[in-house]
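Q: My file is query.cif. It has mmCIF, C-alpha atoms (C1' of nucleotides):
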```
data_work
loop_
_atom_site.label_atom_id
_atom_site.label_comp_id
_atom_site.auth_asym_id
_atom_site.auth_seq_id
_atom_site.Cartn_x
_atom_site.Cartn_y
_atom_site.Cartn_z
CA MET A 433 79.22 105.25 103.65
CA ALA A 434 79.41 108.91 103.73
CA PRO A 435 82.77 110.44 103.16
CA GLN A 436 82.82 111.53 106.79
CA GLN A 437 86.27 113.03 107.00
CA PRO A 438 88.36 113.82 104.10
CA GLY A 439 91.27 112.29 104.95
CA PHE A 440 92.11 109.33 106.89
CA ASP A 441 91.71 106.68 104.24
CA GLN A 442 92.93 109.02 101.54
CA ARG A 443 95.91 110.02 103.62
CA VAL A 444 96.83 106.40 104.13
CA TRP A 445 96.56 105.67 100.43
CA GLN A 446 98.66 108.69 99.65
CA ALA A 447 101.38 107.63 102.07
CA VAL A 448 101.31 104.10 100.69
CA ALA A 449 101.54 105.45 97.17
CA ALA A 450 104.74 107.20 98.21
CA ILE A 451 106.44 103.87 98.78
CA PRO A 452 108.94 103.28 96.00
CA SER A 453 108.81 100.07 94.03
CA GLY A 454 110.71 97.21 95.56
CA ARG A 455 110.45 98.75 99.02
CA LEU A 456 108.44 97.77 102.09
CA ALA A 457 106.70 99.72 104.84
CA THR A 458 104.93 98.75 108.02
CA TYR A 459 101.47 99.79 109.17
CA GLY A 460 102.97 101.67 112.08
CA GLN A 461 105.25 103.49 109.70
CA ILE A 462 102.33 104.65 107.58
CA ALA A 463 100.38 105.63 110.68
CA GLU A 464 103.21 107.74 111.97
CA LEU A 465 103.75 109.18 108.52
CA ILE A 466 100.22 110.55 108.37
CA GLY A 467 100.47 111.83 111.91
CA ALA A 468 98.45 109.08 113.54
CA TYR A 469 101.02 107.35 115.70
CA GLY A 470 99.56 104.33 117.43
CA CYS A 471 96.79 103.96 114.88
CA ALA A 472 98.42 101.17 112.95
CA ARG A 473 95.18 99.20 113.05
CA GLN A 474 93.26 101.99 111.41
CA VAL A 475 95.74 101.85 108.56
CA GLY A 476 94.72 98.25 108.15
CA TRP A 477 91.09 99.29 107.86
CA ALA A 478 91.92 101.89 105.27
CA LEU A 479 93.58 99.24 103.16
CA ARG A 480 90.75 96.81 103.74
CA ARG A 481 88.26 99.36 102.38
CA LEU A 482 90.57 99.94 99.48
CA PRO A 483 88.79 98.94 96.25
CA LEU A 484 90.65 96.53 94.02
CA PRO A 485 92.16 96.97 91.63
CA SER A 486 93.58 100.20 92.95
CA ASP A 487 96.38 102.59 92.08
CA VAL A 488 97.71 102.14 95.58
CA PRO A 489 100.55 99.67 96.06
CA TRP A 490 98.91 98.26 99.17
CA HIS A 491 100.95 95.09 98.73
CA ARG A 492 104.05 96.99 99.89
CA VAL A 493 102.57 97.37 103.36
CA VAL A 494 103.30 94.62 105.85
CA ASN A 495 103.34 94.32 109.62
CA ALA A 496 106.36 95.09 111.80
CA GLN A 497 107.00 91.38 112.20
CA GLY A 498 108.10 91.29 108.60
CA ARG A 499 105.24 89.04 107.62
CA ILE A 500 102.23 89.45 105.39
CA ALA A 501 99.11 90.16 107.43
CA MET A 502 96.98 87.18 106.55
CA SER A 503 93.37 87.07 107.65
CA PRO A 504 90.28 85.05 106.71
CA SER A 505 88.46 88.30 105.98
CA ARG A 506 90.65 88.91 102.98
CA GLU A 507 89.50 85.95 100.98
CA GLY A 508 93.00 85.27 99.80
CA SER A 509 93.99 88.80 98.87
CA ASP A 510 96.93 88.25 101.17
CA TRP A 511 98.27 85.64 98.79
CA ILE A 512 97.85 88.08 95.94
CA GLN A 513 100.04 90.39 97.97
CA ARG A 514 102.72 87.70 98.09
CA GLU A 515 102.61 87.32 94.33
CA LEU A 516 102.88 91.07 93.79
CA LEU A 517 105.87 91.30 96.12
CA LEU A 518 107.59 88.48 94.34
CA ALA A 519 106.97 90.33 91.09
CA GLU A 520 108.77 93.36 92.54
CA GLY A 521 111.81 91.31 93.38
CA ILE A 522 111.10 90.78 97.06
CA PRO A 523 111.60 87.18 98.18
CA VAL A 524 108.62 86.09 100.23
CA ASP A 525 108.69 82.92 102.23
CA ALA A 526 105.89 80.40 101.91
CA ALA A 527 104.87 81.37 105.45
CA GLY A 528 104.59 84.98 104.34
CA ARG A 529 107.87 86.12 105.84
CA LEU A 530 110.07 88.57 104.00
CA PRO A 531 113.41 90.36 104.58
CA LEU A 532 111.86 93.53 105.93
CA ARG A 533 115.18 94.72 107.41
CA GLN A 534 116.72 94.63 103.98
CA PHE A 535 113.89 96.19 101.97
CA ARG A 536 112.65 98.63 104.63
CA TRP A 537 111.64 101.95 103.08
CA LEU A 538 112.99 105.00 104.89
CA PRO A 539 110.36 107.75 104.88
CA PRO A 540 111.46 111.33 104.20
CA GLY A 541 112.39 113.27 107.26
CA ARG A 542 113.55 110.30 109.22
"C1'" DA B 443 75.40 104.23 124.77
"C1'" DG B 444 77.95 99.95 125.39
"C1'" DA B 445 80.35 95.81 123.80
"C1'" DA B 446 82.85 93.23 120.37
"C1'" DT B 447 86.06 93.13 116.45
"C1'" DG B 448 90.32 93.79 113.86
"C1'" DA B 449 95.23 93.55 106.97
"C1'" DC B 450 98.88 96.27 114.34
"C1'" DG B 451 102.86 96.85 117.82
"C1'" DC B 452 105.49 95.90 121.82
"C1'" DT B 453 107.09 93.23 125.90
"C1'" DG B 454 107.66 89.09 128.30
"C1'" DA B 455 108.03 83.98 128.70
"C1'" DT C 617 113.11 82.27 117.23
"C1'" DT C 618 108.23 81.30 118.26
"C1'" DC C 619 103.96 81.87 121.21
"C1'" DA C 620 100.94 84.39 124.30
"C1'" DG C 621 99.16 88.55 126.54
"C1'" DC C 622 98.11 93.52 126.82
"C1'" DG C 623 97.48 98.18 124.86
"C1'" DC C 624 96.20 101.11 121.01
"C1'" DC C 625 92.03 103.39 118.43
"C1'" DA C 626 88.32 103.58 114.70
"C1'" DT C 627 84.62 100.80 112.84
"C1'" DT C 628 80.52 97.87 113.37
"C1'" DC C 629 76.62 95.53 115.62
#
```
So that I can check it, write out the structure of this file as structure tokens.

A:
Amino acid sequence: MAPQQPGFDQRVWQAVAAIPSGRLATYGQIAELIGAYGCARQVGWALRRLPLPSDVPWHRVVNAQGRIAMSPSREGSDWIQRELLLAEGIPVDAAGRLPLRQFRWLPPGR
DNA sequence: AGAATGACGCTGA
DNA sequence: TTCAGCGCCATTC
């Protein structure tokens, strides 16, 4: 896995790292933040390739539906995300839903 | 090179 | 509000 382009994954991680504790952001938000509007899916890949444990608060990134993106490919890391969010004071429903409208992080410049 | 996949987003029913 | 379909683009086979 050559480093190909400096940037995309790293940019995503950097943007995610900018999310303050106790706040939430959507994939589309991160994509737009790094200048890749419409590439919300690629943000997902960047986080999927993210080695754990990591310094990146990837658990603060959820989908626009206000739910944790659960997938069989994650081997349960999605549930870890729920635990981490609960630890930050964000109430997460058993179905993975959370009050995104209330904890939505407003990126700088917007 | 072409087709299938996916940690998404939006609109419509 | 919940479910289904279509569009988006990079990665993978």

Q: I want to know what sits within 12 Å of Gly521 of chain A, based on all atoms listed in the file, with residues of the same chain fewer than 4 positions away left out; could you give that as number ranges by chain?

A: A: 453-456, 492, 514-517, 530-531, 535

Q: Pick out the chain B residues within 12 Å of chain A. Count all atoms listed in the file. Give them as a VMD selection string.

A: chain B and resid 447 to 452

Q: May I have a table of the residues of chain C lying at most 8 Å from chain A, giving each one's closest pair of atoms and their distance in Å to one decimal, counting all atoms listed in the file, ordered by chain and ascending residue number, as a tab-separated table?

A:
```
residue	atom	partner	partner_atom	distance
C:DC624	C1'	A:Gly470	CA	5.9
C:DC625	C1'	A:Cys471	CA	6.0
C:DA626	C1'	A:Gln474	CA	6.1
```

Q: Please provide as number ranges by chain all residues within 8 Å of segment 481-489 of chain A, with the sequence filter that same-chain residues fewer than 4 positions apart are discarded (counting all atoms listed in the file).

A: A: 445-446, 448-449, 451, 477, 493

Q: Any chance you could export the current selection's C-alpha atoms as a PDB file, in the frame of the given file?

A:
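As a result, again.pdb now contains:
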```pdb
ATOM      1  CA  TRP A 445      96.560 105.670 100.430  1.00  0.00           C
ATOM      2  CA  GLN A 446      98.660 108.690  99.650  1.00  0.00           C
ATOM      3  CA  VAL A 448     101.310 104.100 100.690  1.00  0.00           C
ATOM      4  CA  ALA A 449     101.540 105.450  97.170  1.00  0.00           C
ATOM      5  CA  ILE A 451     106.440 103.870  98.780  1.00  0.00           C
ATOM      6  CA  TRP A 477      91.090  99.290 107.860  1.00  0.00           C
ATOM      7  CA  VAL A 493     102.570  97.370 103.360  1.00  0.00           C
TER       8      VAL A 493
END
```

Q: For a test of reading the model, state the distance in Å between atom CA of Ile466 of chain A and atom CA of Glu520 of chain A, rounded to one decimal.

A: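 If I compute the distance from atom CA of Ile466 of chain A to atom CA of Glu520 of chain A, I get 24.9 Å.
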
Q: For DT453 of chain B, find every residue with an atom within 10 Å (counting all atoms listed in the file), except residues of its own chain fewer than 2 positions away, and show them as a list in words.

A: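 Selected residues are DG451 and DA455 of chain B; DG621 and DC622 of chain C.
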
Q: Keeping only C-alpha atoms (C1' of nucleotides), take the residues you just selected and write them out as a PDB file, in the coordinates of the input.

A:
```
ATOM      1  C1'  DG B 451     102.860  96.850 117.820  1.00  0.00           C
ATOM      2  C1'  DA B 455     108.030  83.980 128.700  1.00  0.00           C
TER       3       DA B 455
ATOM      4  C1'  DG C 621      99.160  88.550 126.540  1.00  0.00           C
ATOM      5  C1'  DC C 622      98.110  93.520 126.820  1.00  0.00           C
TER       6       DC C 622
END
```

Q: For atom CA of Arg499 of chain A and atom CA of Val524 of chain A, quote the distance in Å rounded to one decimal.

A: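 Straight-line distance from atom CA of Arg499 of chain A to atom CA of Val524 of chain A works out to 8.6 Å.
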
Q: Provide the atom CA of Pro540 of chain A to atom CA of Pro452 of chain A distance in Å, to one decimal place.

A: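 These atoms are spaced 11.8 Å apart.
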